[in-house]
$ cat input-v8.txt   # compact mmCIF, N, CA and C atoms
# COMPACT_ATOMS: atom_id res chain seq x y z
N ALA E 1 131.22 9.15 34.81
CA ALA E 1 130.32 10.27 34.99
C ALA E 1 128.91 9.81 35.35
N ASP E 2 128.51 8.65 34.82
CA ASP E 2 127.15 8.20 35.11
C ASP E 2 126.97 7.73 36.55
N ALA E 3 128.06 7.57 37.28
CA ALA E 3 127.97 7.15 38.69
C ALA E 3 127.88 8.34 39.64
N LEU E 4 128.13 9.55 39.17
CA LEU E 4 128.09 10.73 40.04
C LEU E 4 126.65 11.13 40.34
N ARG E 5 126.41 11.52 41.59
CA ARG E 5 125.10 12.01 42.00
C ARG E 5 125.29 13.39 42.60
N THR E 6 124.71 14.39 42.01
CA THR E 6 124.82 15.74 42.53
C THR E 6 123.55 16.09 43.31
N SER E 7 123.61 17.12 44.11
CA SER E 7 122.48 17.56 44.94
C SER E 7 121.93 16.39 45.76
N THR E 8 122.85 15.57 46.27
CA THR E 8 122.49 14.37 47.02
C THR E 8 123.28 14.35 48.32
N ARG E 9 122.60 14.01 49.41
CA ARG E 9 123.24 13.98 50.72
C ARG E 9 123.29 12.54 51.24
N VAL E 10 124.47 12.14 51.72
CA VAL E 10 124.60 10.85 52.38
C VAL E 10 123.97 10.99 53.76
N ILE E 11 123.02 10.12 54.07
CA ILE E 11 122.35 10.21 55.37
C ILE E 11 122.74 9.06 56.30
N ALA E 12 123.37 8.00 55.77
CA ALA E 12 123.83 6.89 56.61
C ALA E 12 124.83 6.04 55.86
N VAL E 13 125.76 5.47 56.62
CA VAL E 13 126.71 4.51 56.08
C VAL E 13 126.77 3.34 57.04
N SER E 14 126.65 2.13 56.51
CA SER E 14 126.66 0.93 57.33
C SER E 14 127.33 -0.18 56.53
N ARG E 15 127.43 -1.35 57.14
CA ARG E 15 127.85 -2.55 56.42
C ARG E 15 126.60 -3.32 56.02
N ALA E 16 126.52 -3.73 54.78
CA ALA E 16 125.34 -4.43 54.28
C ALA E 16 125.10 -5.72 55.07
N GLY E 17 123.85 -5.91 55.52
CA GLY E 17 123.47 -7.13 56.19
C GLY E 17 124.01 -7.29 57.60
N ARG E 18 124.54 -6.24 58.20
CA ARG E 18 125.11 -6.33 59.55
C ARG E 18 124.36 -5.40 60.49
N ASP E 19 123.91 -5.93 61.61
CA ASP E 19 123.29 -5.10 62.63
C ASP E 19 124.34 -4.52 63.57
N LYS E 20 125.43 -5.24 63.76
CA LYS E 20 126.53 -4.81 64.62
C LYS E 20 127.84 -5.10 63.90
N PRO E 21 128.93 -4.43 64.31
CA PRO E 21 130.21 -4.71 63.66
C PRO E 21 130.64 -6.17 63.87
N HIS E 22 131.03 -6.80 62.80
CA HIS E 22 131.55 -8.17 62.84
C HIS E 22 132.91 -8.17 62.15
N PRO E 23 133.98 -8.46 62.88
CA PRO E 23 135.30 -8.41 62.26
C PRO E 23 135.50 -9.47 61.17
N ARG E 24 134.82 -10.63 61.29
CA ARG E 24 134.98 -11.66 60.27
C ARG E 24 134.33 -11.23 58.97
N SER E 25 134.96 -11.52 57.90
CA SER E 25 134.51 -11.22 56.53
C SER E 25 134.27 -9.73 56.30
N ARG E 26 134.90 -8.90 57.09
CA ARG E 26 134.72 -7.46 56.97
C ARG E 26 135.14 -6.96 55.58
N LYS E 27 136.27 -7.46 55.09
CA LYS E 27 136.75 -7.01 53.77
C LYS E 27 135.81 -7.40 52.64
N GLU E 28 135.08 -8.49 52.82
CA GLU E 28 134.18 -8.96 51.77
C GLU E 28 132.79 -8.33 51.85
N THR E 29 132.47 -7.70 52.98
CA THR E 29 131.13 -7.14 53.17
C THR E 29 131.08 -5.71 52.63
N PRO E 30 130.21 -5.48 51.65
CA PRO E 30 130.15 -4.11 51.10
C PRO E 30 129.52 -3.13 52.08
N PHE E 31 129.81 -1.86 51.84
CA PHE E 31 129.14 -0.80 52.59
C PHE E 31 127.76 -0.57 51.98
N LEU E 32 126.83 -0.20 52.81
CA LEU E 32 125.53 0.24 52.36
C LEU E 32 125.49 1.75 52.60
N VAL E 33 125.35 2.52 51.56
CA VAL E 33 125.32 3.98 51.67
C VAL E 33 123.91 4.44 51.30
N ARG E 34 123.24 5.05 52.25
CA ARG E 34 121.88 5.56 52.04
C ARG E 34 121.98 7.05 51.72
N VAL E 35 121.30 7.47 50.65
CA VAL E 35 121.35 8.87 50.20
C VAL E 35 119.94 9.42 50.01
N ARG E 36 119.87 10.74 50.07
CA ARG E 36 118.60 11.45 49.78
C ARG E 36 118.92 12.53 48.75
N ASP E 37 118.15 12.53 47.65
CA ASP E 37 118.39 13.53 46.62
C ASP E 37 117.59 14.80 46.89
N ALA E 38 117.75 15.79 46.05
CA ALA E 38 117.11 17.10 46.25
C ALA E 38 115.59 17.00 46.26
N ALA E 39 115.04 15.98 45.59
CA ALA E 39 113.58 15.80 45.55
C ALA E 39 113.06 15.02 46.76
N GLY E 40 113.99 14.58 47.64
CA GLY E 40 113.59 13.84 48.82
C GLY E 40 113.58 12.33 48.64
N ASN E 41 113.94 11.85 47.46
CA ASN E 41 113.97 10.41 47.21
C ASN E 41 115.15 9.77 47.94
N VAL E 42 114.93 8.65 48.59
CA VAL E 42 115.96 7.93 49.33
C VAL E 42 116.34 6.69 48.55
N ALA E 43 117.65 6.44 48.46
CA ALA E 43 118.14 5.25 47.75
C ALA E 43 119.32 4.66 48.52
N ASP E 44 119.48 3.35 48.42
CA ASP E 44 120.61 2.65 49.01
C ASP E 44 121.55 2.19 47.90
N HIS E 45 122.86 2.32 48.17
CA HIS E 45 123.88 1.88 47.23
C HIS E 45 124.85 0.96 47.95
N LEU E 46 125.21 -0.14 47.31
CA LEU E 46 126.25 -1.02 47.84
C LEU E 46 127.56 -0.62 47.19
N VAL E 47 128.56 -0.32 48.03
CA VAL E 47 129.85 0.13 47.51
C VAL E 47 130.98 -0.60 48.21
N ARG E 48 132.13 -0.68 47.55
CA ARG E 48 133.30 -1.38 48.08
C ARG E 48 134.07 -0.54 49.09
N ALA E 49 134.06 0.78 48.91
CA ALA E 49 134.84 1.65 49.79
C ALA E 49 134.09 2.96 50.00
N VAL E 50 134.35 3.60 51.13
CA VAL E 50 133.78 4.91 51.46
C VAL E 50 134.93 5.82 51.86
N ILE E 51 134.99 6.98 51.26
CA ILE E 51 135.97 8.00 51.65
C ILE E 51 135.20 9.12 52.32
N ASP E 52 135.46 9.33 53.59
CA ASP E 52 134.78 10.40 54.31
C ASP E 52 135.61 11.67 54.17
N ALA E 53 135.19 12.54 53.31
CA ALA E 53 135.87 13.81 53.09
C ALA E 53 134.98 14.96 53.57
N SER E 54 134.12 14.66 54.54
CA SER E 54 133.16 15.66 55.01
C SER E 54 133.82 16.76 55.81
N GLY E 55 134.96 16.48 56.43
CA GLY E 55 135.69 17.51 57.15
C GLY E 55 134.83 18.27 58.13
N THR E 56 134.97 19.58 58.13
CA THR E 56 134.25 20.39 59.09
C THR E 56 133.31 21.37 58.40
N TRP E 57 132.94 21.09 57.20
CA TRP E 57 132.17 22.08 56.44
C TRP E 57 130.91 22.50 57.16
N GLU E 58 130.11 21.53 57.63
CA GLU E 58 128.87 21.90 58.31
C GLU E 58 128.89 21.59 59.80
N ARG E 59 129.87 20.83 60.26
CA ARG E 59 129.86 20.37 61.64
C ARG E 59 131.30 20.23 62.13
N SER E 60 131.66 21.02 63.10
CA SER E 60 133.02 20.96 63.61
C SER E 60 133.18 19.83 64.61
N ASN E 61 134.41 19.39 64.79
CA ASN E 61 134.70 18.39 65.80
C ASN E 61 134.56 19.03 67.18
N PRO E 62 134.18 18.24 68.18
CA PRO E 62 134.15 18.79 69.54
C PRO E 62 135.55 19.23 69.96
N LEU E 63 135.63 20.19 70.85
CA LEU E 63 136.92 20.72 71.29
C LEU E 63 137.60 19.84 72.34
N GLY E 64 136.84 19.00 73.02
CA GLY E 64 137.40 18.18 74.09
C GLY E 64 138.08 16.92 73.57
N GLN E 65 138.54 16.13 74.51
CA GLN E 65 139.23 14.89 74.17
C GLN E 65 138.24 13.77 73.87
N ALA E 66 138.70 12.76 73.16
CA ALA E 66 137.94 11.54 72.88
C ALA E 66 136.62 11.82 72.14
N GLY E 67 136.56 12.89 71.35
CA GLY E 67 135.36 13.19 70.59
C GLY E 67 134.21 13.77 71.40
N LEU E 68 134.52 14.23 72.62
CA LEU E 68 133.49 14.80 73.48
C LEU E 68 133.65 16.32 73.58
N PRO E 69 132.57 17.04 73.83
CA PRO E 69 132.70 18.49 74.03
C PRO E 69 133.57 18.79 75.26
N ALA E 70 134.34 19.84 75.18
CA ALA E 70 135.12 20.31 76.33
C ALA E 70 134.18 20.91 77.36
N PRO E 71 134.56 20.89 78.63
CA PRO E 71 133.72 21.54 79.64
C PRO E 71 133.45 22.99 79.26
N GLY E 72 132.20 23.38 79.24
CA GLY E 72 131.81 24.74 78.90
C GLY E 72 131.63 25.00 77.41
N GLU E 73 131.98 24.03 76.56
CA GLU E 73 131.89 24.24 75.11
C GLU E 73 130.46 24.49 74.64
N GLU E 74 129.53 23.70 75.09
CA GLU E 74 128.14 23.86 74.64
C GLU E 74 127.58 25.22 75.06
N GLU E 75 127.90 25.65 76.29
CA GLU E 75 127.45 26.97 76.73
C GLU E 75 128.12 28.06 75.89
N GLY E 76 129.40 27.87 75.59
CA GLY E 76 130.11 28.83 74.75
C GLY E 76 129.49 28.97 73.38
N ARG E 77 129.03 27.87 72.82
CA ARG E 77 128.35 27.93 71.51
C ARG E 77 127.04 28.72 71.64
N ARG E 78 126.28 28.42 72.70
CA ARG E 78 125.00 29.14 72.91
C ARG E 78 125.23 30.64 73.06
N LEU E 79 126.33 31.02 73.71
CA LEU E 79 126.63 32.43 73.94
C LEU E 79 127.32 33.09 72.74
N GLY E 80 127.60 32.32 71.71
CA GLY E 80 128.26 32.86 70.52
C GLY E 80 129.76 33.03 70.69
N LEU E 81 130.34 32.39 71.69
CA LEU E 81 131.78 32.50 71.92
C LEU E 81 132.57 31.46 71.14
N VAL E 82 131.92 30.38 70.74
CA VAL E 82 132.53 29.37 69.90
C VAL E 82 131.83 29.47 68.55
N THR E 83 132.60 29.69 67.50
CA THR E 83 132.01 29.94 66.18
C THR E 83 131.62 28.66 65.47
N ALA E 84 130.88 28.83 64.41
CA ALA E 84 130.64 27.74 63.48
C ALA E 84 131.96 27.42 62.78
N PRO E 85 132.06 26.26 62.15
CA PRO E 85 133.31 25.91 61.47
C PRO E 85 133.65 26.88 60.34
N LEU E 86 134.94 27.00 60.08
CA LEU E 86 135.48 27.75 58.96
C LEU E 86 135.07 29.22 58.89
N PRO E 87 135.28 29.96 59.96
CA PRO E 87 134.99 31.40 59.87
C PRO E 87 135.97 32.08 58.91
N ASP E 88 135.56 33.15 58.33
CA ASP E 88 136.39 33.92 57.40
C ASP E 88 136.86 35.18 58.13
N GLY E 89 137.95 35.05 58.87
CA GLY E 89 138.43 36.14 59.73
C GLY E 89 138.80 37.41 59.00
N ALA E 90 139.32 37.29 57.80
CA ALA E 90 139.72 38.49 57.06
C ALA E 90 138.63 38.97 56.11
N GLY E 91 137.53 38.23 56.04
CA GLY E 91 136.45 38.58 55.12
C GLY E 91 135.14 38.80 55.82
N ARG E 92 134.17 37.92 55.56
CA ARG E 92 132.79 38.12 56.03
C ARG E 92 132.67 38.19 57.55
N ASP E 93 133.60 37.55 58.30
CA ASP E 93 133.52 37.55 59.76
C ASP E 93 134.51 38.52 60.40
N ARG E 94 135.06 39.40 59.63
CA ARG E 94 136.10 40.33 60.08
C ARG E 94 135.70 41.11 61.33
N ALA E 95 134.52 41.68 61.34
CA ALA E 95 134.09 42.52 62.48
C ALA E 95 134.01 41.71 63.77
N ARG E 96 133.68 40.45 63.65
CA ARG E 96 133.56 39.60 64.84
C ARG E 96 134.91 39.39 65.54
N PHE E 97 136.01 39.35 64.78
CA PHE E 97 137.32 39.02 65.33
C PHE E 97 138.27 40.22 65.47
N ALA E 98 138.01 41.29 64.76
CA ALA E 98 138.92 42.44 64.76
C ALA E 98 139.08 43.02 66.17
N GLY E 99 140.33 43.23 66.58
CA GLY E 99 140.63 43.82 67.87
C GLY E 99 140.42 42.90 69.06
N ARG E 100 140.22 41.62 68.82
CA ARG E 100 139.95 40.67 69.90
C ARG E 100 141.04 39.62 69.97
N HIS E 101 141.06 38.90 71.08
CA HIS E 101 141.96 37.76 71.23
C HIS E 101 141.18 36.52 70.78
N VAL E 102 141.69 35.82 69.76
CA VAL E 102 140.98 34.70 69.15
C VAL E 102 141.80 33.42 69.36
N LEU E 103 141.13 32.35 69.76
CA LEU E 103 141.77 31.05 69.91
C LEU E 103 141.33 30.16 68.77
N GLY E 104 142.30 29.73 67.95
CA GLY E 104 142.04 28.77 66.88
C GLY E 104 142.39 27.39 67.40
N VAL E 105 141.54 26.40 67.14
CA VAL E 105 141.76 25.04 67.63
C VAL E 105 141.79 24.09 66.45
N GLY E 106 142.84 23.26 66.38
CA GLY E 106 142.93 22.24 65.35
C GLY E 106 144.27 22.26 64.67
N ALA E 107 144.60 21.15 64.00
CA ALA E 107 145.90 21.04 63.33
C ALA E 107 145.77 20.60 61.89
N GLY E 108 144.55 20.58 61.37
CA GLY E 108 144.34 20.17 59.99
C GLY E 108 144.36 21.34 59.02
N HIS E 109 144.05 21.05 57.77
CA HIS E 109 144.05 22.09 56.73
C HIS E 109 143.02 23.18 57.02
N SER E 110 141.86 22.80 57.53
CA SER E 110 140.83 23.80 57.83
C SER E 110 141.31 24.78 58.88
N ALA E 111 141.96 24.25 59.93
CA ALA E 111 142.49 25.13 60.98
C ALA E 111 143.59 26.02 60.42
N ALA E 112 144.47 25.45 59.61
CA ALA E 112 145.58 26.23 59.05
C ALA E 112 145.06 27.38 58.19
N ASN E 113 144.08 27.09 57.34
CA ASN E 113 143.54 28.15 56.49
C ASN E 113 142.83 29.22 57.30
N THR E 114 142.11 28.81 58.33
CA THR E 114 141.44 29.78 59.19
C THR E 114 142.47 30.66 59.91
N LEU E 115 143.54 30.04 60.41
CA LEU E 115 144.59 30.80 61.10
C LEU E 115 145.32 31.75 60.16
N LEU E 116 145.53 31.35 58.92
CA LEU E 116 146.15 32.25 57.94
C LEU E 116 145.26 33.48 57.71
N SER E 117 143.96 33.25 57.61
CA SER E 117 143.02 34.35 57.44
C SER E 117 143.05 35.28 58.66
N LEU E 118 143.07 34.70 59.85
CA LEU E 118 143.14 35.50 61.07
C LEU E 118 144.47 36.24 61.17
N GLY E 119 145.54 35.62 60.69
CA GLY E 119 146.84 36.30 60.68
C GLY E 119 146.82 37.55 59.81
N GLN E 120 146.16 37.45 58.67
CA GLN E 120 146.00 38.64 57.81
C GLN E 120 145.23 39.72 58.55
N LEU E 121 144.17 39.34 59.22
CA LEU E 121 143.37 40.29 60.00
C LEU E 121 144.23 40.95 61.08
N ALA E 122 145.05 40.16 61.79
CA ALA E 122 145.88 40.70 62.87
C ALA E 122 146.90 41.71 62.33
N ARG E 123 147.38 41.51 61.11
CA ARG E 123 148.32 42.48 60.52
C ARG E 123 147.62 43.81 60.20
N GLU E 124 146.32 43.73 59.91
CA GLU E 124 145.59 44.92 59.48
C GLU E 124 144.83 45.61 60.61
N GLU E 125 144.51 44.90 61.68
CA GLU E 125 143.67 45.46 62.74
C GLU E 125 144.42 45.46 64.07
N PRO E 126 144.76 46.63 64.60
CA PRO E 126 145.47 46.70 65.89
C PRO E 126 144.67 46.02 67.00
N GLY E 127 145.37 45.37 67.89
CA GLY E 127 144.75 44.73 69.03
C GLY E 127 144.24 43.32 68.77
N THR E 128 144.33 42.86 67.53
CA THR E 128 143.90 41.51 67.22
C THR E 128 145.03 40.55 67.58
N ARG E 129 144.72 39.58 68.44
CA ARG E 129 145.71 38.58 68.86
C ARG E 129 145.17 37.20 68.54
N ILE E 130 146.09 36.30 68.20
CA ILE E 130 145.70 34.94 67.86
C ILE E 130 146.48 33.96 68.72
N SER E 131 145.79 33.01 69.32
CA SER E 131 146.43 31.87 69.98
C SER E 131 145.99 30.62 69.25
N TRP E 132 146.83 29.60 69.28
CA TRP E 132 146.56 28.37 68.54
C TRP E 132 146.68 27.18 69.48
N ALA E 133 145.67 26.35 69.52
CA ALA E 133 145.69 25.15 70.35
C ALA E 133 145.53 23.92 69.48
N VAL E 134 146.33 22.89 69.78
CA VAL E 134 146.23 21.61 69.08
C VAL E 134 146.17 20.48 70.10
N ARG E 135 145.57 19.38 69.71
CA ARG E 135 145.62 18.19 70.54
C ARG E 135 146.97 17.54 70.31
N GLY E 136 147.59 17.07 71.36
CA GLY E 136 148.88 16.41 71.20
C GLY E 136 150.02 17.32 71.56
N ALA E 137 151.23 16.84 71.30
CA ALA E 137 152.43 17.54 71.73
C ALA E 137 152.88 18.64 70.78
N GLY E 138 152.39 18.67 69.56
CA GLY E 138 152.84 19.70 68.64
C GLY E 138 152.00 19.74 67.39
N ALA E 139 152.31 20.70 66.53
CA ALA E 139 151.54 20.90 65.30
C ALA E 139 152.34 20.49 64.06
N ALA E 140 153.33 19.63 64.23
CA ALA E 140 154.23 19.28 63.12
C ALA E 140 153.51 18.64 61.95
N ARG E 141 152.45 17.88 62.19
CA ARG E 141 151.78 17.24 61.06
C ARG E 141 151.07 18.26 60.21
$ encode --input "input-v8.txt" --output "structure tokens"
Amino acid sequence: ADALRTSTRVIAVSRAGRDKPHPRSRKETPFLVRVRDAAGNVADHLVRAVIDASGTWERSNPLGQAGLPAPGEEEGRRLGLVTAPLPDGAGRDRARFAGRHVLGVGAGHSAANTLLSLGQLAREEPGTRISWAVRGAGAAR
């Protein structure tokens, strides 16, 4: 419990003492994790492992291939046609999606939960249609 830090944001992750990736001694080189707490104080921590569980809570993955935005994606965001991550189709964002054709993109848990919410909306609101797009040949995973 004494190792937990609440109200703290990770602002950078690197390898300690490395300016560029070096494959040699990688396993022995600790990570340097830089954090900022709610008061604005910055601290560095040396750790053996980092688990990135940030998902899409504040920042969605680009829709295009290789981690790049799809053609037209940035304009779509500006026009409000591409939503922020994790919309609540059956709840707070209901009016935005009701009676419209909605494209859900992704094959992870976040996409699945969003699509389930939109499915509930489609059962309740006539004219609501859902399409699902995934990268790759299928959504089996």
$ closest_residue --input "input-v8.txt" --among "E:Asn61, E:Ala90, E:Ala3, E:Arg34" --to "Leu116 in chain E" --atoms "all atoms listed in the file"
E:Ala90
$ residues_near_point --input "input-v8.txt" --point "(150.2, 19.8, 62.8)" --cutoff "7 Å" --atoms "only C-alpha atoms" --output "list in words"
Ala107, Gly108, Gly138, Ala139, Ala140 and Arg141 of chain E
$ closest_residue --input "input-v8.txt" --among "E:Ala111, E:Ile130, E:Arg36, E:Lys27" --to "Thr6 in chain E" --atoms "all atoms listed in the file"
E:Arg36
$ residues_around --input "input-v8.txt" --residues "Val33 in chain E" --least-positions-apart "3" --cutoff "7 Å" --atoms "only C-alpha atoms" --output "compact mmCIF listing (two decimals) with N, CA and C atoms, in the frame of the given file"
# COMPACT_ATOMS: atom_id res chain seq x y z
N VAL E 10 124.47 12.14 51.72
CA VAL E 10 124.60 10.85 52.38
C VAL E 10 123.97 10.99 53.76
N ALA E 12 123.37 8.00 55.77
CA ALA E 12 123.83 6.89 56.61
C ALA E 12 124.83 6.04 55.86
N VAL E 13 125.76 5.47 56.62
CA VAL E 13 126.71 4.51 56.08
C VAL E 13 126.77 3.34 57.04
N SER E 14 126.65 2.13 56.51
CA SER E 14 126.66 0.93 57.33
C SER E 14 127.33 -0.18 56.53
N ASP E 44 119.48 3.35 48.42
CA ASP E 44 120.61 2.65 49.01
C ASP E 44 121.55 2.19 47.90
N HIS E 45 122.86 2.32 48.17
CA HIS E 45 123.88 1.88 47.23
C HIS E 45 124.85 0.96 47.95
N LEU E 46 125.21 -0.14 47.31
CA LEU E 46 126.25 -1.02 47.84
C LEU E 46 127.56 -0.62 47.19
$ closest_residue --input "input-v8.txt" --among "E:Ser7, E:Arg123, E:Phe31, E:Ser60" --to "Pro85 in chain E" --atoms "all atoms listed in the file"
E:Ser60
$ closest_residue --input "input-v8.txt" --among "E:Leu32, E:Leu86, E:Leu79, E:Ala122" --to "Ala98 in chain E" --atoms "all atoms listed in the file"
E:Ala122
$ select_by_dssp --input "input-v8.txt" --residues "chain E" --states "strand (DSSP E)" --output "ChimeraX atom specification"
/E:8-15,31-37,42-47,101-105,129-133
$ residues_near_point --input "input-v8.txt" --point "(146.4, 38.1, 56.4)" --cutoff "12 Å" --atoms "only C-alpha atoms" --output "PyMOL selection string"
chain E and resi 88-91+94+113-125+128+130
$ atom_distance --input "input-v8.txt" --atom1 "atom C of Val35 in chain E" --atom2 "CA of Arg48 in chain E"
17.3 Å
$ atom_distance --input "input-v8.txt" --atom1 "CA of Arg78 in chain E" --atom2 "CA of Arg96 in chain E"
15.7 Å
$ atom_distance --input "input-v8.txt" --atom1 "atom N of Ser131 in chain E" --atom2 "atom C of Ala112 in chain E"
12.5 Å
$ select_by_dssp --input "input-v8.txt" --residues "range 11-134 of chain E" --states "alpha helix (DSSP H)" --output "VMD selection string"
chain E and resid 73 to 78 94 to 97 109 to 124
$ closest_residue --input "input-v8.txt" --among "E:Arg135, E:Arg100, E:His109, E:Thr8" --to "Ala39 in chain E" --atoms "only C-alpha atoms"
E:Thr8
$ residues_around --input "input-v8.txt" --residues "Leu103 in chain E" --least-positions-apart "2" --cutoff "9 Å" --atoms "only C-alpha atoms" --output "list in words"
His101, Val105, Arg129, Ile130, Ser131, Trp132 and Ala133 of chain E
